[in-house]
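Next comes work.csv, a file with CSV, C-alpha atoms.
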chain,number,residue,atom,x,y,z
A,25,MET,CA,13.6,16.1,-27.1
A,26,ARG,CA,14.6,18.6,-24.4
A,27,ALA,CA,13.5,17.9,-20.9
A,28,GLU,CA,11.0,20.9,-20.8
A,29,GLU,CA,9.7,20.0,-24.2
A,30,PHE,CA,9.2,16.4,-23.1
A,31,ALA,CA,7.4,17.5,-19.9
A,32,SER,CA,4.9,19.6,-21.8
A,33,THR,CA,4.4,17.0,-24.4
A,34,LEU,CA,3.8,14.3,-21.7
A,35,ALA,CA,1.3,16.6,-19.9
A,36,ALA,CA,-0.6,17.2,-23.2
A,37,ALA,CA,-0.6,13.5,-24.0
A,38,GLN,CA,-1.9,12.7,-20.5
A,39,ALA,CA,-4.7,15.2,-21.3
A,40,GLY,CA,-5.5,13.3,-24.4
A,41,ALA,CA,-4.0,15.6,-27.1
A,42,GLU,CA,-3.4,13.6,-30.3
A,43,TRP,CA,-0.5,15.7,-31.4
A,44,ALA,CA,1.4,14.9,-28.2
A,45,ILE,CA,0.5,11.2,-28.3
A,46,ALA,CA,1.7,11.1,-31.9
A,47,LEU,CA,5.0,12.5,-30.8
A,48,LEU,CA,5.5,9.9,-28.1
A,49,TYR,CA,4.4,7.2,-30.4
A,50,GLU,CA,6.7,8.2,-33.3
A,51,ALA,CA,9.7,8.5,-31.0
A,52,ASN,CA,9.3,5.1,-29.4
A,53,GLN,CA,7.5,2.8,-31.9
A,54,PRO,CA,10.6,2.0,-34.0
A,55,ARG,CA,12.5,0.6,-31.1
A,56,LEU,CA,9.4,-1.2,-29.8
A,57,LEU,CA,8.7,-2.8,-33.1
A,58,ARG,CA,12.2,-4.0,-33.6
A,59,TYR,CA,12.4,-5.4,-30.0
A,60,LEU,CA,9.1,-7.3,-30.6
A,61,ARG,CA,9.9,-8.4,-34.2
A,62,ALA,CA,13.1,-9.9,-33.0
A,63,GLN,CA,11.1,-12.1,-30.7
A,64,VAL,CA,7.7,-12.8,-32.2
A,65,GLY,CA,8.2,-11.9,-35.9
A,66,GLN,CA,5.0,-11.1,-37.7
A,67,ASP,CA,3.0,-10.9,-34.4
A,68,ALA,CA,5.0,-7.9,-33.4
A,69,ASP,CA,2.5,-5.3,-34.7
A,70,ASP,CA,-0.3,-6.9,-32.6
A,71,VAL,CA,1.8,-7.0,-29.4
A,72,ALA,CA,3.0,-3.4,-30.0
A,73,ALA,CA,-0.6,-2.3,-30.5
A,74,ASP,CA,-1.6,-4.0,-27.2
A,75,THR,CA,1.4,-2.3,-25.5
A,76,TRP,CA,0.4,1.1,-26.7
A,77,LEU,CA,-3.2,0.7,-25.8
A,78,ASP,CA,-2.2,-0.5,-22.3
A,79,ALA,CA,0.2,2.5,-22.0
A,80,ALA,CA,-2.5,4.9,-23.1
A,81,ARG,CA,-5.0,3.6,-20.5
A,82,ASN,CA,-2.3,4.1,-17.8
A,83,LEU,CA,-0.6,7.2,-19.1
A,84,SER,CA,-2.1,9.4,-16.4
A,85,THR,CA,-0.3,7.4,-13.8
A,86,PHE,CA,3.2,7.9,-15.4
A,87,THR,CA,5.7,10.3,-14.0
A,88,GLY,CA,9.3,10.7,-15.2
A,89,ASP,CA,11.5,11.8,-18.1
A,90,GLU,CA,11.9,10.6,-21.6
A,91,ASP,CA,14.2,7.7,-20.6
A,92,ALA,CA,11.8,6.7,-17.9
A,93,LEU,CA,8.9,6.7,-20.3
A,94,ARG,CA,10.9,4.4,-22.7
A,95,GLY,CA,11.7,2.0,-19.8
A,96,TRP,CA,8.0,2.1,-18.8
A,97,LEU,CA,6.9,1.3,-22.3
A,98,PHE,CA,9.3,-1.7,-22.5
A,99,THR,CA,8.1,-2.9,-19.2
A,100,ILE,CA,4.6,-3.0,-20.6
A,101,ALA,CA,5.8,-4.5,-23.8
A,102,ARG,CA,7.6,-7.3,-22.0
A,103,ARG,CA,4.4,-8.2,-20.1
A,104,ARG,CA,2.3,-8.2,-23.3
A,105,LEU,CA,5.0,-10.3,-24.9
A,106,SER,CA,4.7,-12.8,-22.1
A,107,ASP,CA,0.9,-12.8,-22.5
A,108,HIS,CA,1.4,-13.4,-26.2
A,109,ARG,CA,3.7,-16.3,-25.7
A,110,ARG,CA,1.3,-17.8,-23.2
A,111,ARG,CA,-1.5,-17.6,-25.7
A,112,GLN,CA,0.8,-19.2,-28.3
A,113,ARG,CA,1.5,-22.1,-26.0
A,114,ARG,CA,-2.2,-22.7,-25.5
A,115,ARG,CA,-2.8,-22.4,-29.2
A,116,PRO,CA,0.2,-23.9,-30.9
A,117,VAL,CA,0.9,-22.8,-34.5
A,118,VAL,CA,3.0,-24.4,-37.1
A,119,PRO,CA,6.5,-23.0,-36.8
A,120,THR,CA,7.9,-21.1,-39.7
A,121,SER,CA,11.6,-20.4,-40.4
A,122,ASP,CA,13.1,-17.0,-40.5
A,123,ALA,CA,13.3,-17.2,-44.2
A,124,GLN,CA,9.6,-17.9,-44.4
A,125,VAL,CA,8.8,-15.1,-42.1
A,126,ASP,CA,10.8,-12.7,-44.3
A,127,GLU,CA,8.9,-13.9,-47.4
A,128,VAL,CA,5.5,-13.4,-45.9
A,129,PRO,CA,4.0,-10.1,-47.0
A,130,SER,CA,3.5,-8.1,-43.8
A,131,ALA,CA,0.7,-5.6,-43.3
A,132,SER,CA,3.4,-3.3,-41.8
A,133,ALA,CA,5.8,-3.7,-44.8
A,134,GLU,CA,6.0,0.0,-45.2
A,135,SER,CA,6.9,0.7,-41.6
A,136,GLU,CA,9.3,-2.2,-41.6
A,137,ALA,CA,11.1,-0.7,-44.5
A,138,LEU,CA,11.2,2.7,-42.7
A,139,ALA,CA,12.5,1.1,-39.5
A,140,GLY,CA,15.3,-0.7,-41.4
A,141,ALA,CA,15.0,-4.2,-42.5
A,142,LEU,CA,18.7,-4.6,-41.9
A,143,GLY,CA,18.3,-3.6,-38.3
A,144,ASP,CA,15.5,-6.0,-37.8
A,145,ALA,CA,17.5,-8.8,-39.3
A,146,ALA,CA,20.4,-7.9,-37.0
A,147,ALA,CA,18.1,-8.0,-34.0
A,148,ARG,CA,16.7,-11.4,-35.0
A,149,ARG,CA,20.2,-12.7,-35.4
A,150,LEU,CA,21.1,-11.6,-31.9
A,151,VAL,CA,18.1,-13.5,-30.6
A,152,ALA,CA,19.0,-16.5,-32.6
A,153,SER,CA,22.6,-16.5,-31.4
A,154,LEU,CA,22.1,-16.0,-27.7
A,155,PRO,CA,20.4,-17.8,-24.9
A,156,ASP,CA,17.0,-16.3,-24.0
A,157,ALA,CA,18.2,-14.3,-20.9
A,158,GLN,CA,21.3,-12.9,-22.7
A,159,ALA,CA,19.2,-12.1,-25.8
A,160,GLU,CA,16.7,-10.2,-23.8
A,161,ILE,CA,19.3,-8.2,-22.0
A,162,VAL,CA,21.1,-7.3,-25.2
A,163,LEU,CA,17.9,-6.3,-27.0
A,164,LEU,CA,16.8,-4.1,-24.2
A,165,ARG,CA,20.3,-2.4,-24.1
A,166,VAL,CA,20.8,-2.1,-27.9
A,167,VAL,CA,17.4,-1.8,-29.4
A,168,ALA,CA,15.4,-0.2,-26.5
A,169,GLY,CA,18.4,1.9,-25.6
A,170,LEU,CA,18.0,1.4,-21.9
A,171,SER,CA,20.6,1.6,-19.2
A,172,VAL,CA,21.9,-1.3,-17.1
A,173,ASP,CA,19.8,-0.1,-14.1
A,174,GLN,CA,16.7,0.2,-16.2
A,175,VAL,CA,17.2,-3.3,-17.7
A,176,ALA,CA,17.7,-4.6,-14.2
A,177,GLU,CA,14.5,-3.1,-13.0
A,178,ILE,CA,12.5,-4.3,-16.0
A,179,THR,CA,13.8,-7.8,-15.8
A,180,GLY,CA,13.8,-8.1,-12.0
A,181,ARG,CA,17.5,-8.7,-11.9
A,182,ARG,CA,20.3,-7.0,-10.1
A,183,PRO,CA,22.5,-4.6,-12.1
A,184,GLY,CA,25.5,-6.8,-11.5
A,185,THR,CA,23.7,-9.7,-12.9
A,186,VAL,CA,22.7,-7.7,-16.0
A,187,ARG,CA,26.4,-6.8,-16.5
A,188,VAL,CA,27.4,-10.4,-16.2
A,189,LEU,CA,24.8,-11.5,-18.7
A,190,GLN,CA,25.8,-8.8,-21.2
A,191,HIS,CA,29.5,-9.8,-20.8
A,192,ARG,CA,28.7,-13.4,-21.6
A,193,ALA,CA,26.5,-12.4,-24.5
A,194,LEU,CA,29.3,-10.3,-26.1
A,195,ARG,CA,31.8,-13.1,-25.6
A,196,ARG,CA,29.4,-15.5,-27.2
A,197,LEU,CA,28.8,-13.2,-30.1
A,198,ALA,CA,32.6,-12.6,-30.5
A,199,HIS,CA,33.0,-16.4,-30.7
A,200,GLU,CA,30.2,-16.9,-33.2
A,201,LEU,CA,31.1,-14.0,-35.5
A,202,GLN,CA,34.9,-14.4,-35.5
A,203,ASP,CA,34.9,-15.6,-39.0
A,204,GLU,CA,32.7,-12.9,-40.4
A,205,VAL,CA,34.9,-9.9,-40.1
B,29,MET,CA,35.7,-17.2,-18.0
B,30,ASN,CA,34.0,-15.3,-15.3
B,31,PRO,CA,33.4,-11.5,-15.4
B,32,LEU,CA,36.5,-10.8,-13.2
B,33,GLU,CA,38.7,-12.8,-15.6
B,34,MET,CA,37.1,-11.0,-18.5
B,35,ARG,CA,37.9,-7.6,-17.0
B,36,SER,CA,41.5,-8.7,-16.2
B,37,ASN,CA,41.9,-10.0,-19.8
B,38,PRO,CA,43.6,-7.3,-21.9
B,39,ARG,CA,41.8,-8.6,-24.9
B,40,TYR,CA,38.4,-8.2,-23.3
B,41,PRO,CA,36.7,-4.8,-23.5
B,42,ASP,CA,36.2,-2.8,-20.3
B,43,ASP,CA,32.7,-1.8,-19.1
B,44,ARG,CA,32.8,1.5,-20.9
B,45,THR,CA,33.7,-0.1,-24.2
B,46,ILE,CA,30.9,-2.7,-23.6
B,47,ASP,CA,28.4,0.1,-23.0
B,48,ARG,CA,29.5,1.7,-26.3
B,49,LEU,CA,29.2,-1.6,-28.1
B,50,LEU,CA,25.7,-2.1,-26.8
B,51,ALA,CA,24.8,1.4,-27.8
B,52,GLY,CA,25.9,0.4,-31.3
B,53,THR,CA,28.4,3.3,-31.5
B,54,VAL,CA,31.6,1.3,-32.0
B,55,ASP,CA,32.9,1.2,-35.5
B,56,PRO,CA,34.0,-2.4,-36.3
B,57,ALA,CA,37.4,-1.1,-37.4
B,58,ASP,CA,37.9,0.5,-34.0
B,59,ALA,CA,36.5,-2.5,-32.0
B,60,PRO,CA,38.7,-4.4,-29.6
B,61,PRO,CA,40.5,-7.5,-31.1
B,62,GLY,CA,37.9,-10.2,-31.8
B,63,PHE,CA,34.9,-7.9,-31.4
B,64,ALA,CA,34.6,-6.4,-34.8
B,65,GLY,CA,31.8,-8.9,-35.6
B,66,PRO,CA,29.7,-8.0,-32.6
B,67,ALA,CA,30.4,-4.3,-33.2
B,68,ARG,CA,29.0,-4.6,-36.7
B,69,LEU,CA,25.9,-6.6,-35.7
B,70,LEU,CA,25.1,-4.5,-32.7
B,71,GLY,CA,25.6,-1.3,-34.8
B,72,GLN,CA,23.0,-2.6,-37.3
B,73,ALA,CA,20.6,-3.6,-34.6
B,74,ALA,CA,20.8,-0.1,-33.2
B,75,ASP,CA,20.5,1.6,-36.5
B,76,HIS,CA,17.4,3.0,-38.2
B,77,LEU,CA,15.6,3.7,-35.0
B,78,GLY,CA,14.6,7.2,-35.8
B,79,PRO,CA,11.1,8.7,-35.5
B,80,LEU,CA,8.5,6.9,-37.5
B,81,ASP,CA,5.4,8.5,-39.1
B,82,SER,CA,2.4,7.6,-36.9
B,83,ASP,CA,-0.8,6.1,-38.0
B,84,ALA,CA,-3.4,8.8,-37.4
B,85,ALA,CA,-6.2,6.4,-36.8
B,86,PHE,CA,-4.3,4.5,-34.3
B,87,VAL,CA,-3.2,7.6,-32.5
B,88,ALA,CA,-6.8,8.7,-32.3
B,89,ALA,CA,-7.6,5.4,-30.7
B,90,LEU,CA,-4.8,5.9,-28.2
B,91,ALA,CA,-6.2,9.4,-27.4
B,92,ALA,CA,-9.6,7.9,-26.8
B,93,ALA,CA,-8.0,5.4,-24.5
B,94,VAL,CA,-6.3,8.1,-22.6
B,95,ALA,CA,-9.5,10.1,-22.3
B,96,THR,CA,-11.5,7.2,-21.0
B,97,ASN,CA,-8.8,6.2,-18.6
B,98,PRO,CA,-10.5,3.8,-16.3
B,99,LEU,CA,-7.8,4.2,-13.7
B,100,THR,CA,-8.7,7.7,-12.6
B,101,PRO,CA,-12.1,7.0,-11.1
B,102,ARG,CA,-10.9,3.8,-9.6
B,103,ARG,CA,-8.0,5.5,-8.0
B,104,THR,CA,-10.3,8.2,-6.7
B,105,SER,CA,-12.7,5.6,-5.5
B,106,VAL,CA,-9.9,3.7,-3.6
B,107,LEU,CA,-8.7,7.0,-2.2
B,108,THR,CA,-12.2,7.9,-1.1
B,109,LYS,CA,-12.7,4.6,0.5
B,110,LEU,CA,-9.4,4.9,2.3
B,111,VAL,CA,-10.2,8.3,3.7
B,112,THR,CA,-13.7,7.2,4.6
B,113,ALA,CA,-12.3,4.1,6.4
B,114,LYS,CA,-9.9,6.3,8.3
B,115,VAL,CA,-12.6,8.8,9.3
B,116,ALA,CA,-14.9,6.0,10.4
B,117,ALA,CA,-12.0,4.4,12.4
B,118,ALA,CA,-11.2,7.7,14.1
B,119,ALA,CA,-14.9,8.4,14.9
B,120,ALA,CA,-15.2,4.9,16.4
B,121,LEU,CA,-12.1,5.5,18.4
B,122,VAL,CA,-13.5,8.8,19.8
B,123,VAL,CA,-16.8,7.2,20.7
B,124,LEU,CA,-15.1,4.2,22.3
B,125,SER,CA,-12.8,6.5,24.3
B,126,ALA,CA,-15.6,8.8,25.4
B,127,THR,CA,-17.7,5.8,26.4
B,128,THR,CA,-14.9,4.2,28.2
B,129,ALA,CA,-14.2,7.4,30.1
B,130,ALA,CA,-17.8,7.8,31.0
B,131,ALA,CA,-18.1,4.2,32.0
B,132,ALA,CA,-15.0,4.6,34.2
B,133,THR,CA,-16.5,7.5,36.0
B,134,GLY,CA,-19.9,6.0,36.2
B,135,SER,CA,-21.5,8.8,34.2
B,136,LEU,CA,-23.4,6.6,31.8
B,137,PRO,CA,-27.1,6.0,32.2
B,138,ASP,CA,-27.7,3.1,34.5
B,139,ALA,CA,-28.6,0.6,31.9
B,140,ALA,CA,-25.6,1.5,29.8
B,141,GLN,CA,-23.3,1.7,32.8
B,142,SER,CA,-24.4,-1.8,33.9
B,143,ALA,CA,-23.8,-3.2,30.4
B,144,ALA,CA,-20.3,-1.5,30.3
B,145,ALA,CA,-19.5,-2.7,33.8
B,146,ASN,CA,-20.6,-6.2,33.0
B,147,ALA,CA,-18.6,-6.3,29.8
B,148,ALA,CA,-15.5,-4.8,31.5
B,149,SER,CA,-15.7,-7.3,34.3
B,150,HIS,CA,-15.1,-10.1,31.8
B,151,VAL,CA,-11.6,-8.7,31.1
B,152,GLY,CA,-10.9,-8.0,34.8
B,153,VAL,CA,-11.7,-4.3,34.8
B,154,ASN,CA,-14.1,-3.1,37.5
B,155,LEU,CA,-16.3,-0.2,36.6
B,156,PRO,CA,-19.1,1.4,38.6
B,157,ASN,CA,-22.2,-0.8,38.3
B,158,PRO,CA,-25.5,0.8,39.3
B,159,SER,CA,-27.1,-2.6,39.7
B,160,GLU,CA,-24.6,-3.4,42.4
B,161,ASP,CA,-24.9,0.0,44.1
B,162,HIS,CA,-26.3,-0.1,47.6
B,163,PRO,CA,-30.0,0.5,47.5
B,164,THR,CA,-29.5,3.1,50.2
B,165,GLY,CA,-27.5,5.3,47.9
B,166,THR,CA,-30.5,7.1,46.4
B,167,ALA,CA,-32.1,10.3,47.2
B,168,ASP,CA,-35.3,8.5,48.0
B,169,ASN,CA,-33.7,6.6,50.8
B,170,PRO,CA,-31.8,9.1,52.9
B,171,THR,CA,-30.3,7.0,55.6
B,172,THR,CA,-27.0,8.6,56.7
B,173,ALA,CA,-25.9,7.9,60.2
B,174,ASP,CA,-27.4,11.3,61.4
B,175,ASP,CA,-30.6,10.7,59.5
B,176,HIS,CA,-30.9,7.3,60.9
B,177,GLY,CA,-30.9,8.5,64.4
B,178,ASP,CA,-33.5,11.1,63.6
B,179,THR,CA,-35.7,8.5,62.0
B,180,VAL,CA,-35.5,6.2,65.0
B,181,SER,CA,-36.2,9.1,67.2
B,182,GLY,CA,-39.1,10.2,65.1
B,183,THR,CA,-40.5,6.7,65.2
B,184,ALA,CA,-40.3,6.7,68.9
B,185,HIS,CA,-42.2,9.9,69.1
B,186,ASP,CA,-44.7,9.5,66.4
B,187,THR,CA,-45.7,5.9,66.6
B,188,ASP,CA,-49.2,5.1,67.8
B,189,ALA,CA,-48.1,1.8,69.1
B,190,THR,CA,-47.6,1.3,72.7
B,191,GLY,CA,-45.8,-1.0,75.0
B,192,ALA,CA,-44.1,-4.0,73.5
B,193,ASP,CA,-45.5,-3.2,70.1
B,194,LYS,CA,-43.9,0.3,70.2
B,195,GLY,CA,-40.7,-1.2,71.3
B,196,ALA,CA,-40.8,-3.7,68.5
B,197,GLU,CA,-41.5,-1.0,65.9
B,198,ILE,CA,-38.7,1.2,67.2
B,199,SER,CA,-36.4,-1.8,67.3
B,200,THR,CA,-37.3,-2.7,63.8
B,201,VAL,CA,-36.6,0.8,62.5
B,202,ALA,CA,-33.4,1.1,64.5
B,203,ARG,CA,-32.2,-2.3,63.4
B,204,GLY,CA,-33.8,-1.4,60.1
B,205,ASP,CA,-33.4,-1.7,56.5
B,206,HIS,CA,-31.6,1.6,56.4
B,207,GLY,CA,-28.3,2.1,58.1
B,208,GLN,CA,-25.9,-0.8,57.5
B,209,ALA,CA,-23.0,0.0,59.7
B,210,PRO,CA,-20.9,-3.1,58.7
B,211,ASP,CA,-21.3,-2.1,55.1
B,212,ALA,CA,-19.9,1.3,55.8
B,213,GLY,CA,-16.7,-0.3,57.0
B,214,ASP,CA,-16.7,-2.7,54.1
B,215,THR,CA,-17.0,0.1,51.7
B,216,GLU,CA,-14.3,2.1,53.2
B,217,ASP,CA,-11.9,-0.8,53.2
B,218,SER,CA,-13.0,-2.2,49.9
B,219,PRO,CA,-10.6,-1.8,47.0
B,220,ASP,CA,-13.6,-2.0,44.7
B,221,PRO,CA,-13.5,0.9,42.4
B,222,ALA,CA,-17.2,0.9,42.4
B,223,ALA,CA,-17.0,2.2,46.0
B,224,THR,CA,-14.3,4.7,45.4
B,225,GLY,CA,-15.8,5.7,42.1
B,226,VAL,CA,-18.9,7.0,43.9
B,227,GLU,CA,-16.7,9.6,45.6
B,228,ASP,CA,-15.0,10.5,42.3
B,229,ASN,CA,-18.3,11.2,40.7
B,230,PRO,CA,-19.7,14.7,41.6
B,231,ALA,CA,-23.2,13.6,40.8
B,232,LYS,CA,-22.9,10.8,43.3
B,233,VAL,CA,-21.3,12.9,46.0
B,234,GLU,CA,-24.2,15.2,46.0
B,235,THR,CA,-26.5,12.3,46.5
B,236,PRO,CA,-27.3,11.7,50.1
B,237,ASN,CA,-25.2,8.8,51.0
B,238,PRO,CA,-26.6,6.0,52.9
B,239,GLY,CA,-24.9,4.9,56.1
B,240,GLY,CA,-23.4,2.1,54.2
B,241,THR,CA,-21.0,4.4,52.3
B,242,ALA,CA,-20.5,7.0,55.0
B,243,THR,CA,-16.9,7.0,56.1
B,244,ALA,CA,-15.7,7.1,59.6
B,245,ASP,CA,-13.9,10.3,58.8
B,246,ALA,CA,-17.1,12.0,57.6
B,247,ALA,CA,-19.0,10.7,60.6
B,248,SER,CA,-16.5,12.1,63.0
B,249,GLY,CA,-16.3,15.5,61.2
B,250,GLY,CA,-12.6,14.9,60.4
B,251,ALA,CA,-11.7,14.0,63.9
B,252,SER,CA,-10.7,10.5,63.0
B,253,GLU,CA,-8.3,11.7,60.2
B,254,ALA,CA,-6.7,14.2,62.6
B,255,GLY,CA,-6.3,11.5,65.1
B,256,THR,CA,-4.7,9.3,62.6
B,257,THR,CA,-2.4,12.0,61.3
B,258,HIS,CA,-1.0,12.7,64.7
B,259,ALA,CA,-0.8,9.2,65.9
B,260,PRO,CA,2.7,8.0,66.5

Please lay out the structure from this file as structure tokens.
Amino acid sequence: MRAEEFASTLAAAQAGAEWAIALLYEANQPRLLRYLRAQVGQDADDVAADTWLDAARNLSTFTGDEDALRGWLFTIARRRLSDHRRRQRRRPVVPTSDAQVDEVPSASAESEALAGALGDAAARRLVASLPDAQAEIVLLRVVAGLSVDQVAEITGRRPGTVRVLQHRALRRLAHELQDEV
Amino acid sequence: MNPLEMRSNPRYPDDRTIDRLLAGTVDPADAPPGFAGPARLLGQAADHLGPLDSDAAFVAALAAAVATNPLTPRRTSVLTKLVTAKVAAAAALVVLSATTAAAATGSLPDAAQSAAANAASHVGVNLPNPSEDHPTGTADNPTTADDHGDTVSGTAHDTDATGADKGAEISTVARGDHGQAPDAGDTEDSPDPAATGVEDNPAKVETPNPGGTATADAASGGASEAGTTHAP
């Protein structure tokens, strides 16, 4: 989306125009869902819905370009993810394996197919292969498509720290996947 | 291996290559040695992220959430409160400044002036205090040095008393409750702003001043000042 096009779309969305909100949603929901599915599996749809509703309620306060909007959305998503995990800790559920998750029919099966089951599986594998901090950095870089500076701002780390973490993540992945080429 | 060692290692990708790997745009065949696996996995994770058809019902719910944005009135309210608070603070400052200035010049009504002077005295500031003004400083009690002489003279002429009684009456008036010569000296020498404040206040200057606050200079028609000025 060109900058002028995005600006007019954002203004319309902030005024409540459904067509504009739909455009923003369609452009960002696939990344958001993959980011969340990689971390909370079948609860991703609920967390994504919470993220969008929170974003909609606060949309009038947002200013910035398309990249900034994506960063803003993932900032909200990260908070809703923390809320979700906190609720999960208070209400423990019986853990299920990745295989079981894949076998459970999902209400969002159709959208999952569109987003790419292979991509979701790859994102889940990243999370499974890396320590939490490294996995979060890699997901925000790869899936959310955010810059080092944006990831640093969202996670409250310095850009240099983000670079160190992504270096370590790649080295670890290279070690784990060396036999799969 | 720390990041510096990684960067100096020829087998380790540089920052630019790492950014491309994390964008999922490095073909595994073109990846640095040992990084074909990560390049493939990252490429898959970044794939199929194109636009997705939206759920019309959910988008309608989002539009409703935007329309009923609760932040707008709250932000307005906070802004309004902020502006109101600033205006109130500014008004209070203006009133305080004006009151202070009036109190300093003794322009407040007596009751208010007394209250202000008493309050200021607690913090070591002396303001004109009507309750401490000499009772002779009112228009109803004209007892300047000149008037005092007239009064004594008038008493001497007009009294019906005779003999010792007349002398006593004249003496009483002369000694009287009017002119207080020592006070005049005290007032002139006093550093008390209450005394000097009287002269600063036009309203008070117009008030016939009792002998107590008449200065030596005024009594001598300026002669004393001239004398002082030319004294060696």

With a cut-off of 6 Å and counting only C-alpha atoms, select all residues of chain A in contact with chain B and give the selection as a PDB file with C-alpha atoms, keeping the file's coordinate frame.
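Written file, selection34.pdb:
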ATOM      1  CA  GLY A  40      -5.500  13.300 -24.400  1.00  0.00           C
ATOM      2  CA  GLU A  42      -3.400  13.600 -30.300  1.00  0.00           C
ATOM      3  CA  GLU A  50       6.700   8.200 -33.300  1.00  0.00           C
ATOM      4  CA  ALA A  51       9.700   8.500 -31.000  1.00  0.00           C
ATOM      5  CA  PRO A  54      10.600   2.000 -34.000  1.00  0.00           C
ATOM      6  CA  ARG A  55      12.500   0.600 -31.100  1.00  0.00           C
ATOM      7  CA  LEU A  77      -3.200   0.700 -25.800  1.00  0.00           C
ATOM      8  CA  ALA A  80      -2.500   4.900 -23.100  1.00  0.00           C
ATOM      9  CA  ARG A  81      -5.000   3.600 -20.500  1.00  0.00           C
ATOM     10  CA  ALA A 139      12.500   1.100 -39.500  1.00  0.00           C
ATOM     11  CA  GLY A 140      15.300  -0.700 -41.400  1.00  0.00           C
ATOM     12  CA  GLY A 143      18.300  -3.600 -38.300  1.00  0.00           C
ATOM     13  CA  ALA A 146      20.400  -7.900 -37.000  1.00  0.00           C
ATOM     14  CA  ALA A 147      18.100  -8.000 -34.000  1.00  0.00           C
ATOM     15  CA  VAL A 166      20.800  -2.100 -27.900  1.00  0.00           C
ATOM     16  CA  VAL A 167      17.400  -1.800 -29.400  1.00  0.00           C
ATOM     17  CA  LEU A 197      28.800 -13.200 -30.100  1.00  0.00           C
ATOM     18  CA  ALA A 198      32.600 -12.600 -30.500  1.00  0.00           C
ATOM     19  CA  LEU A 201      31.100 -14.000 -35.500  1.00  0.00           C
ATOM     20  CA  VAL A 205      34.900  -9.900 -40.100  1.00  0.00           C
TER      21      VAL A 205
END

Which of these, A:Ala141, A:Ala27, A:Val172, A:Leu154, has the shortest distance to Leu194 in chain A once you count all atoms listed in the file?
->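 Of A:Ala141, A:Ala27, A:Val172, A:Leu154, the one nearest Leu194 in chain A, counting all atoms listed in the file, is A:Leu154.
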
Write out as an NGL selection string each polymer residue whose atoms come within 12 Å of Ala68 in chain A, counting all atoms listed in the file; drop sequence neighbours fewer than 5 positions from it.
-> :A and (53-63 or 73-75 or 101-102 or 104-105 or 108-109 or 125 or 130-132 or 136 or 144)

Looking at A:Ile161, A:Leu83, A:Ile100, A:Ala46, which one is nearest to Val71 in chain A, with distances taken over all atoms listed in the file?
->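 Using all atoms listed in the file, Val71 in chain A sits closest to A:Ile100.
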
Between CA of Ala176 in chain A and CA of Asp156 in chain A, what is the distance, to one decimal in Å?
-> 15.3 Å

Would you mind reading off the distance between CA of Leu164 in chain A and CA of Arg111 in chain A, one decimal, in Å?
->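 If I compute the distance from CA of Leu164 in chain A to CA of Arg111 in chain A, I get 22.8 Å.
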
If you count all atoms listed in the file, which residues fall within 8 Å of Ala193 in chain A, apart from same-chain ones fewer than 5 positions away, as a PyMOL selection string?
-> chain A and resi 154+158-159+162

Please write as an NGL selection string the list of polymer residues whose atoms come within 6 Å of (11.3, 2.0, -25.5), counting all atoms listed in the file and keeping to the coordinates of the file.
-> :A and (52 or 55-56 or 94-95 or 97-98 or 168)

When you draw a straight line from CA of Ser106 in chain A to CA of Leu142 in chain A, how long is it in Å?
->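 Answer for the CA of Ser106 in chain A to CA of Leu142 in chain A separation: 25.6 Å.
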
Would you list the contacts of Ala157 in chain A as an MDAnalysis selection string, taking every protein, DNA or RNA residue within 12 Å and counting all atoms listed in the file, but skipping same-chain residues closer than 5 positions in sequence?
-> chainID A and resid 150:152 162:164 175:176 179:181 185:190 192:193

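Nearest-residue note for Arg149 in chain A: choosing from A:Asp78, A:Gly169, A:Glu200, A:Arg110, the minimum distance belongs to A:Glu200, counting all atoms listed in the file.
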